[in-house]
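Read the structure below first, then the notes.
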Amino acid sequence: MNWVNAVIQGVLLGGLYALFACGLSLMFGVMRIINLAHGDIAVLGAFLVWSLTVHTGIGPFWALVPALPIMLILGYVLHRTVLARSLRGGPLTPLLTTFGLAIVIQNALLQAYNPDVRSLGGAAGDIATGSWRITGQISLSYLGVLILATAVLVLGGLQLMLRRTAFGREMRATAQDADTATLVGVPASSVYARATAIAVATATLAGVFLGVRSIFDASSGPTQLIFAFEAVVIGGLGSLWGTLWGGMVLGVAQTIGATIDPQYSILAGHLVFLIVLASPHGRSLLGYRREGRPA
Amino acid sequence: MTLLRVENVEARHGLLQAVRGVTFGVTEGEILALIGANGAGKTTLLRTVAGAHPLSGGLISYDGSYLTGVPAHRRVRRGIAYVPEGRRLFPEFTVEENLLVAGRRARSGRWNLTTVLEAFPALQPLRGRLASRLSGGQQQATAIARALMTNPRLLLIDEVSLGLSPKAVEEVYACMTVLRESGTTVILVEQDLGRALSTAGRVICLLEGRIALDAKTEGLTRDEVVTAYFGFHQARPA
Amino acid sequence: MTPVLEGRGLSMRYGDLQVLTGVDFAVSEGEAVGIVGPNGAGKTTLLNVLAGAVRPSAGTVSFGGRDVTRTRPDQRCRMGVGRAFQVPRPFGGMTVLENVVVAASYGAGLRGTALYTKAVEVLDDCGLTELANRRAESLGLLHRKRLELARCLATGPRVVLLDEIGAGLTDAEAAELVAAVRQIKVGNTAIVWIEHIVHVLVQVVDRLVCMDTGRVIADGSPGEVLGDAVVIDAYLGKAAS
Amino acid sequence: MTDQWTVRRSGRATKISSVAMVAFGIALFAVPFGFRTDVVQQLTTLCTLLMMAVMWNVLAGYGGLVSVGQQAYIGFGAYATIFLTQHDVTAYLAVVLAALASGVLAVALAPLLLRLRGGQFAVGTWVVAEALALLVALDEDLGGGTGVSLRGLNTIAPDWRRAYTYWLTLGFTLLLLALVFLLLRRRSGAAIQAIRDDEEAAASLGVRIMPLKFMLFVLAGFGCGAAGALTLANTLFIQPQSIFGVQWSAYMLFMVLVGGIGTYEGPILGAILFFLLQDWFAQYGAWYLIGLGAVAIAFALFLPRGLWSLADDRLPFRLLPVGYTLRPAG
Amino acid sequence: GGLGSSDDNSKNQAKSALKIGFVSPRTGAAAGFGEPDAYVLELAKKALASGLAIGGTQYDIQILDRDSQSNPQRSAQVANDLINSDQVDLMLTTSTPETVNPVSDACEAAGVPCVSTVVPWEAWYFGRGAKETDKAAYKFTYHFCFGVEQFHNMYTHEWPQVPTNKKVGVMWPNDSDGNAIRAALGPLLKQSGYTIVDPGAYTDGTNDFSAQIAKFKAENCEIFNAFPIPPDFATFWRQAAQQGYVPKIAQIAKTGLFPSQVEALGDIGIGLAGGAYWTPTYPYKSSLTGVDSKGLGDGYQGTGKQWNQQLGPSLALFDVAAAVLKASGNPKDKPGVANAMKTLSVDTPIGKLEWGKGPNANVVATPILGGQWIKSADPKYKVDFVLVENSSDPNVPTAAKLQEYKA
Ligand SMILES: Nc1ncnc2c1ncn2[C@@H]1O[C@H](COP(=O)(O)OP(=O)(O)OP(=O)(O)O)[C@@H](O)[C@H]1O
Ligand SMILES: Nc1ncnc2c1ncn2[C@@H]1O[C@H](COP(=O)(O)OP(=O)(O)OP(=O)(O)O)[C@@H](O)[C@H]1O
Ligand SMILES: [Mg+2]
Ligand SMILES: [Mg+2]
């Protein structure tokens with residue numbers, strides 16, 4: 001029974017990882033920007049939503065209604081002002097930019113909100129603590145299911161958008177070769193900017209769920225970053241569906257590891273990640289699309 | 001009617017001036033061959049017109065207005081298409097996706113996926129293949145087809161026949177004739193002098209970034225061209 | 001004459017796409033072989049197999065009588081198989097000279113003065129002396145092609161595999177190239193040269209091979225092959241007729 | 001024609017500048033005799049930063065291997081030192097052995113990690129570092145998650161202890177700089193850059209890819225291990241979460257990119273700049289960090305090739321003879 | 001300057017100026033601990049503005065305040081800079097082993113006296129390498145803080161206030177506090193008749209605790225005890241609520257120190273039991289500033305924030321500093337100052353600290369009292385902390401009895 005519960009909780013946890021990884025996957029897998037500021041952007045979004053809930057008294061999910069557009073605009077502007085220019089500097093320059101951005105956001109939040117911890121869980125009410133009790137040992141939390149459902153919707157929607165729509169095609173074209181994309185009429189920088197906007201908005205979503213699930217303060221951003229990166233890589237760069245699976249594999253690995261012994265929880269996730277990378281099958285299955293240069 | 005006018009255009013790569021004060025005009029429906037030795041500045045000139053390379057002096061006007069400050073993707077929408085040197089296909093796209101991405105914001109016109117594939121029958125069986133897996137000549141054909149998808153009024157082609165088999169060259173030039181008939185203006189860079197002279201109505205020869213020759217192809221002798229090429233008279237090599 | 005580089009029964013498939021089908025190919029010391037064929041015929045793939053960039057699905061490759069089918073490309077290069085890519089692949093961040101130095105020091109195993117002499121010589125042969133200290137990424141396409149050739153020659157090969165190094169050259173430039181390639185041949189190096197500009201090719205090669213859809217459809221003296229009706233139909237088109 | 005040209009590796013200016021740099025490096029050994037301990041201590045810190053920057057540059061700048069996990073070796077070097085001192089090895093000897101052990105760790109990890117590319121490599125190295133941190137935290141003898149202090153240096157008088165640590169750090173720094181120089185100066189230098197630009201083309205010219213990458217990877221492991229062990233000798237206390245923390249990689253990235261990636265001198269400048277920023281402004285807390293971030297962004301936007309490019313574009317000669325130039329003979 | 005001549009430096013310095021270094025986490029993960037430090041520093045600076053008269057000499061006092069960024073390497077670096085560049089005469093440091101241990105190590109190695117607090121003393125003393133048998137492991141570094149004993153004492157007096165089955169589910173992480181507690185508190189609690197259900201050490205930053213929750217539910221642990229970092233506890237506690245684990249006593253340490261951490265939990269935070277090393281109801285006064293605990297709390301609340309426990313020990317550090325400098329007779333004599341620490345006795349807001357009597361020569365073990373988080377009566381604040389148990393220091397009044405935790 002414990003094992004069944006571990007798997008279920010792992011899948012739910014995977015939803016959170018996937019959601020967290022979504023924006024990263026978009027930027028890292030598709031646009032090839034390793035965004036070190038992703039976690040901090042998520043926390044920024046959480047703070048924004050927190051401020052909205054405090055000042056207006058609405059619940060965190062309602063607060064998303066104004067917050068998401070704000071973050072979309074922020075992402076757009078971020079790209080137009082900073083990222084676009086640093087993309088021209090070579091493949092590693094965006095890394096430096098996002099590193100700078102990460103510490104700027106983190107410490108600006110620290111200045112603005114002081115080091116107190118915050119949570120959105122209280123304001124979310126029952127959703128944060130309620131659950132469906134399946135048996136004495138197994139329960140499905142409202143929140144976990146909501147996160148998972150959101151992850152499926154967001155990642156699935158973006159995956160469809162990328163693969164099936166003309167805008168998605170333009171985005172992938174821009175990622176492969178931005179200069180040439182402009183030569184076939186794609187407004188590359190605005191495509192990138194829109195993609196960044198989406199990434200920032202999904203980060204906000206993830207940040208809010210994180211805030212409902214636990215607590216956050218200005219320095220919480222980086223803590224989940226590695227799990228998100230792992231999810232992206234396990235799932236294969238460039239595939240958002242893959243990221244969803246990657247998140248779940250990681251989540252289940254962690255909960256099963258914890259069932260064996262709590263200290264193996266995170267370690268188990270890392271080991272599964274390394275095993276996937278090490279196995280020739282895993283690598284070719286997941287990595288060929290982007291990284292292998294055909295002979 | 002003059003479709004494109006290039007006035008005193010200068011372009012540089014860092015300290016190196018690749019195009020120096022080039023002036024010429026192209027009338028609608030004309031085919032212009034741009035020739036010149038290695039490093040003469042042909043590619044740079046075309047890229048400047050397409051908006052892929054910054055202008056460091058002079059003006060370019062197209063269809064009655066200046067292009068200064070117009071980004072490359074807008075120029076495409078106004079009808080300037082460029083087939084880059086080295087093809088530059090999107091390697092992770094299939095042939096079809098390569099074509100479609102160019103067609104998305106295209107002007108309307110006769111070219112669409114169907115008509116383009118008809119013009120390049122060799123591409124038909126390759127539709128679903130990744131561009132990175134194409135042979136050199138297949139890539140070249142795709143690159144030209146991709147440019148057509150934007151329904152250009154002015155088509156700039158760098159190194160037209162590079163890598164194409166003789167038969168494929170035939171097809172491409174046949175297509176060029178079709179284009180002219182439909183009123184499309186073409187500027188092509190071509191090293192095969194014979195081809196260039198027989199297809200184009202006019203030829204411009206660049207020498208170290210300057211125009212060394214600008215003439216109608218009718219009545220032009222090979223010797224005149226070769227002289228322009230090297231800046232001095234040189235016997236045709238055996 | 002014994003073949004230096006020989007492929008027997010070479011087949012290559014990508015997924016369900018058969019790119020080469022039972023190709024036999026050989027080139028002897030000092031011999032120059034041209035390969036022609038329509039786009040997508042499998043010429044470059046054949047070169048890839050010979051150079052070791054891909055492993056054939058079936059068949060063997062031997063070099064100097066040794067089976068090298070499973071030998072890595074860098075090993076084959078050091079053994080004496082030089083290769084110029086169809087789409088040039090310069091090391092953009094390095095100067096032209098440094099590009100050549102890599103080839104001469106690793107491919108040919110030269111050191112010190114011998115290395116420098118070789119580099120200077122190869123640059124001069126390929127007309128790149130003027131550009132020697134330029135970063136390779138700043139070269140135009142045709143200069144890149146020359147650099148491709150220069151690097152290939154700098155590895156001190158016993159056989160060179162050239163893929164469309166002459167494409168896009170003007171007549172005069174082509175003449176220079178022909179002279180340069182003839183020079184290679186004088187040194188008893190075997191040459192395999194893919195080129196679509198047939199009139200340039202025939203000035204150098206002793207033998208011409210025509211491929212189509214992964215098979216060799218003609219093999220013989222240039223005159224024979226170019227006069228072959230099958231070749232005209234598949235490759236040359238009506239221009240030749 | 002051919003004898004009119006020759007290949008040159010160094011001009012007179014280059015020779016003078018390299019001799020001057022070597023002399024300066026050696027002169028630095030005398031610092032503890034002439035300066036206060038705080039200078040010695042700060043130079044030690046600077047040297048460890050410098051080692052890290054140089055090593056990261058070797059990997060990312062020359063080898064194209066962007067690692068986010070070099071802290072694995074930093075942490076390993078530090079913990080190996082602890083482990084050895086716990087087994088009665090003298091502290092300074094332990095530092096040297098720990099650096100070597102980190103090199104061995106790199107040898108062990110290379111088969112797994114070097115097969116990865118680009119983003120996979122970056123994340124893969126990071127995960128390895130995290131996994132190592134967790135494994136170390138499981139070991140009670142090494143202090144578990146609590147952290148552990150380096151005992152055994154306390155017996156030496158503080159000034160001498162700092163001087164010894166400094167000399168060892170400086171020695172390692174110069175050794176690493178010399179190794180990198182040799183790597184670049186010898187034919188491997190050009191080959192490494194070739195691999196970074198295009199692996200397959202490099203292979204087609206006879207370059208053995210794997211051994212070279214392996215060499216870079218092991219060198220970087222060794223260097224970072226040494227930096228970690230010396231960090232411990234300098235700070236005396238470590239804790240798995242921080243010594244294996246990803247912030248090291250972030251700092252390396254900062255130093256290398258701000259200084260100028262893929263150049264010999266850039267990371268040195270970057271390390272000095274980072275050190276000075278920290279030294280002057282760190283007391284301003286969050287504002288300092290905001291400023292640091294702003295500096296990073298400003299460099300990315302306005303000087304993407306880094307500080308060294310300013311000098312490089314203006315200097316008529318190279319400071320170090322690592323390149324090749326064609327010059328008229330005579 | 002240079003090797004072997006470091007003595008010159010102190011001679012060169014103006015005789016009458018003393019420098020005190022103060023290192024605490026202001027940014028990074030532990031920034032919450034450093035939050036009240038700015039206020040405390042103000043108080044101390046004001047009190048020391050006119051300097052100190054020691055052995056007939058009037059000394060100017062300069063306090064050098066540094067941020068450790070919650071990172072050991074950074075802590076060591078700032079400490080070394082303070083020691084070497086600024087040549088501080090005394091070092092003070094507080095809050096979490098990440099900051100305190102490296103600073104202490106740097107001071108010990110350099111021979112600079114150092115006083116520290118807010119790290120359970122075992123994690124400080126043994127965590128830095130002292131053996132069980134060492135009774136005076138350090139020459140220059142001194143510490144005051146609670147330890148496992150105090151927790152044990154508090155728990156065994158507080159828990160009986162609510163009837164339970166004496167089964168304790170514990171969440172002790174694999175970090176400095178968790179390990180110290182597991183090694184020492186577990187056995188003590190067992191001796192006192194409690195059954196410990198320990199699912200094992202987990203790693204800080206774990207995102208799912210269903211395994212532990214399942215175990216606690218299966219074993220019916222009516223008491224729950226945890227030493228987690230705040231985000232882990234929040235995750236755990238929400239999951240526990242989701243999965244229906246409701247103990248009668250939820251005893252937390254390390255998290256729930258500050259009102260914001262409890263507030264953030266919403267309703268499920270009300271009723272959590274925690275320990276306190278200082279509250280404004282402590283009947284003690286700072287010997288340096290003359291401020292009493294209530295004054296300290298109110299003064300801080302005057303700046304707009306609710307009081308928190310850090311105020312007491314932080315101010316106490318300055319009390320100790322002033323006292324030991326005076327006691328030394330010659331504050332420039334570093335070994336002399338360190339020597340004076342051994343027998344120092346000083347009044348602080350957290351009580352009288354007396355070295356030489358504690359568990360060892362370097363440490364004073366300070367009391368920890370039991371309290372519970374309740375809904376605040378003051379409309380300005382959401383939650384309030386009331387003391388329910390005071391056996392470690394009966395001078396401090398309790399305000400209520402422990403209430404059973406209700407979901
Ligand atoms: N990216 C670059 N950086 C520096 N110089 C460049 C760059 N690209 C081209 N050049 C130089 O500019 C000049 C003009 O080059 P361009 O490519 O326009 O000539 P081209 O006539 O197209 O030559 P080709 O026939 O080789 O394609 C040449 O000297 C070339 O070396
Ligand atoms: N990696 C690959 N995966 C799948 N198909 C491939 C791959 N590489 C080549 N092909 C296909 O194999 C066929 C032969 O390609 P190849 O490059 O050998 O042709 P080629 O004779 O060199 O043509 P060209 O004259 O146009 O250069 C082509 O149809 C090509 O699309
Ligand atoms: Mg060109
Ligand atoms: Mg080919």
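Every chain in the structure tokens takes a letter, A first, then B, and so on in the order presented; its residues are numbered from 1, and the ligands are numbered from 1 following the presented order.
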Please provide as a short mmCIF file (atom, residue, chain, number, x, y, z; two decimals) with C-alpha atoms, in the first residue's frame all residues within 8 Å of Glu7 of chain B, with the sequence filter that same-chain residues fewer than 3 positions apart are discarded (counting only C-alpha atoms).
```
data_model
loop_
_atom_site.label_atom_id
_atom_site.label_comp_id
_atom_site.auth_asym_id
_atom_site.auth_seq_id
_atom_site.Cartn_x
_atom_site.Cartn_y
_atom_site.Cartn_z
CA GLY B 21 29.80 53.29 -53.16
CA VAL B 22 27.75 51.05 -55.38
CA THR B 23 24.97 52.65 -57.42
CA PHE B 24 22.54 50.93 -59.74
CA GLY B 58 24.21 55.35 -48.98
CA LEU B 59 20.56 54.61 -49.53
CA ILE B 60 18.44 51.80 -50.82
#
```
* **ligand 2 neighbours within 7 Å using only C-alpha atoms and all ligand atoms, as a list in words** => Pro294 and Ala295 of chain A; Arg133, Leu134, Ser135, Gly136, Gly137, Gln138, Gly163, Leu164 and Ser165 of chain B; Tyr14, Leu17, Val19, Gly37, Pro38, Asn39, Gly40, Ala41, Gly42, Lys43, Thr44, Thr45 and Leu46 of chain C
All alpha helix (DSSP H) positions in segment 62-195 of chain B, as a compact mmCIF listing (two decimals) with C-alpha atoms, in the first residue's frame:
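Written file, out_8.txt:
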```txt
# COMPACT_ATOMS: atom_id res chain seq x y z
CA ALA B 72 14.66 42.19 -42.71
CA HIS B 73 11.36 40.51 -41.92
CA ARG B 74 9.39 43.56 -43.03
CA ARG B 75 11.31 43.64 -46.27
CA VAL B 76 10.25 40.07 -46.85
CA ARG B 77 6.66 41.08 -46.44
CA VAL B 95 11.46 20.24 -46.18
CA GLU B 96 7.78 20.95 -45.90
CA GLU B 97 8.13 22.83 -42.64
CA ASN B 98 10.93 24.87 -44.15
CA LEU B 99 8.58 25.89 -46.90
CA LEU B 100 5.60 26.49 -44.67
CA VAL B 101 7.41 28.71 -42.24
CA ALA B 102 8.27 31.02 -45.07
CA GLY B 103 4.73 30.94 -46.39
CA LEU B 113 3.11 24.74 -51.23
CA THR B 114 1.50 23.01 -54.18
CA THR B 115 2.80 25.26 -56.92
CA VAL B 116 6.29 25.37 -55.47
CA LEU B 117 6.48 21.62 -55.28
CA GLU B 118 5.27 21.47 -58.85
CA ALA B 119 8.08 23.76 -59.89
CA GLY B 136 23.81 19.42 -50.90
CA GLY B 137 21.84 19.89 -54.09
CA GLN B 138 18.56 19.03 -52.44
CA GLN B 139 19.26 21.72 -49.88
CA GLN B 140 19.92 24.27 -52.57
CA ALA B 141 16.66 23.47 -54.30
CA THR B 142 14.79 23.72 -51.02
CA ALA B 143 16.36 27.06 -50.25
CA ILE B 144 15.22 28.50 -53.55
CA ALA B 145 11.78 27.00 -53.12
CA ARG B 146 11.56 28.47 -49.65
CA ALA B 147 12.28 31.93 -50.97
CA LEU B 148 9.56 31.52 -53.56
CA PRO B 166 23.39 19.93 -64.55
CA LYS B 167 19.86 18.68 -64.84
CA ALA B 168 18.78 20.47 -61.72
CA VAL B 169 20.42 23.64 -62.97
CA GLU B 170 18.22 23.35 -66.04
CA GLU B 171 15.17 23.12 -63.84
CA VAL B 172 16.12 26.10 -61.76
CA TYR B 173 16.79 28.28 -64.75
CA ALA B 174 13.59 27.14 -66.33
CA CYS B 175 11.91 28.32 -63.21
CA MET B 176 13.74 31.62 -63.48
CA THR B 177 12.21 32.17 -66.87
CA VAL B 178 8.79 31.43 -65.48
CA LEU B 179 9.45 33.99 -62.78
CA ARG B 180 10.42 36.67 -65.23
CA GLU B 181 7.29 36.01 -67.20
CA LEU B 193 29.37 33.07 -66.87
CA GLY B 194 27.72 31.37 -69.78
CA ARG B 195 24.61 30.74 -67.82
```
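Separating atom CA of Ala188 of chain A from atom CA of Val70 of chain B is a distance of 13.9 Å.
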Using only C-alpha atoms and all ligand atoms, which residues of chain C come within 9 Å of ligand 3, and what is the closest atom pair for each, with the distance in Å to one decimal? Give it as a tab-separated table, sorted by chain and residue number.
```
residue	atom	partner	partner_atom_place_in_ligand_line	distance
C:Gly140	CA	ligand 3	1 (Mg)	5.6
C:Leu141	CA	ligand 3	1 (Mg)	5.8
C:Leu142	CA	ligand 3	1 (Mg)	7.1
```
Output file for the selection above: all heavy atoms, as a PDB file, in the first residue's frame:
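Output contents, as saved in selection_35.pdb:
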```pdb
ATOM      1  N   GLY C 140      34.381  34.388 -47.118  1.00  0.00           N
ATOM      2  CA  GLY C 140      33.230  34.100 -47.959  1.00  0.00           C
ATOM      3  C   GLY C 140      33.212  32.621 -48.323  1.00  0.00           C
ATOM      4  O   GLY C 140      34.162  31.882 -48.050  1.00  0.00           O
ATOM      5  N   LEU C 141      32.141  32.192 -48.936  1.00  0.00           N
ATOM      6  CA  LEU C 141      31.952  30.774 -49.202  1.00  0.00           C
ATOM      7  C   LEU C 141      33.105  30.185 -50.016  1.00  0.00           C
ATOM      8  O   LEU C 141      33.606  29.106 -49.720  1.00  0.00           O
ATOM      9  CB  LEU C 141      30.628  30.565 -49.942  1.00  0.00           C
ATOM     10  CG  LEU C 141      30.340  29.117 -50.309  1.00  0.00           C
ATOM     11  CD1 LEU C 141      30.199  28.268 -49.078  1.00  0.00           C
ATOM     12  CD2 LEU C 141      29.093  29.023 -51.169  1.00  0.00           C
ATOM     13  N   LEU C 142      33.522  30.911 -51.038  1.00  0.00           N
ATOM     14  CA  LEU C 142      34.506  30.295 -51.916  1.00  0.00           C
ATOM     15  C   LEU C 142      35.876  30.198 -51.252  1.00  0.00           C
ATOM     16  O   LEU C 142      36.600  29.240 -51.442  1.00  0.00           O
ATOM     17  CB  LEU C 142      34.571  31.071 -53.234  1.00  0.00           C
ATOM     18  CG  LEU C 142      33.210  31.083 -53.938  1.00  0.00           C
ATOM     19  CD1 LEU C 142      33.303  31.776 -55.267  1.00  0.00           C
ATOM     20  CD2 LEU C 142      32.658  29.677 -54.112  1.00  0.00           C
TER      21      LEU C 142
END
```
* To do: Write out as a PyMOL selection string all residues of segment 91-166 of chain A that backbone DSSP assigns to strand (DSSP E).
  => chain A and resi 131-133+139-141
Export of prior selection with N, CA and C atoms as a compact mmCIF listing (two decimals), in the first residue's frame:
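After the write, part30.txt holds the following:
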```
# COMPACT_ATOMS: atom_id res chain seq x y z
N SER A 131 -8.37 17.10 0.85
CA SER A 131 -8.01 15.97 0.00
C SER A 131 -9.16 14.98 -0.09
N TRP A 132 -9.05 14.14 -1.11
CA TRP A 132 -9.96 13.00 -1.19
C TRP A 132 -9.26 11.83 -0.53
N ARG A 133 -9.94 11.26 0.46
CA ARG A 133 -9.33 10.10 1.12
C ARG A 133 -9.80 8.86 0.39
N SER A 139 -4.40 9.09 -0.07
CA SER A 139 -5.28 10.23 -0.27
C SER A 139 -4.75 11.09 -1.41
N LEU A 140 -5.70 11.68 -2.10
CA LEU A 140 -5.34 12.55 -3.21
C LEU A 140 -5.64 13.97 -2.78
N SER A 141 -4.61 14.80 -2.70
CA SER A 141 -4.89 16.16 -2.24
C SER A 141 -5.49 16.97 -3.37
```
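Nearest-residue note for Thr44 of chain B: choosing from B:Gly25, B:Pro71, B:Gly209, B:Gly183, the minimum distance belongs to B:Gly209, counting only C-alpha atoms.
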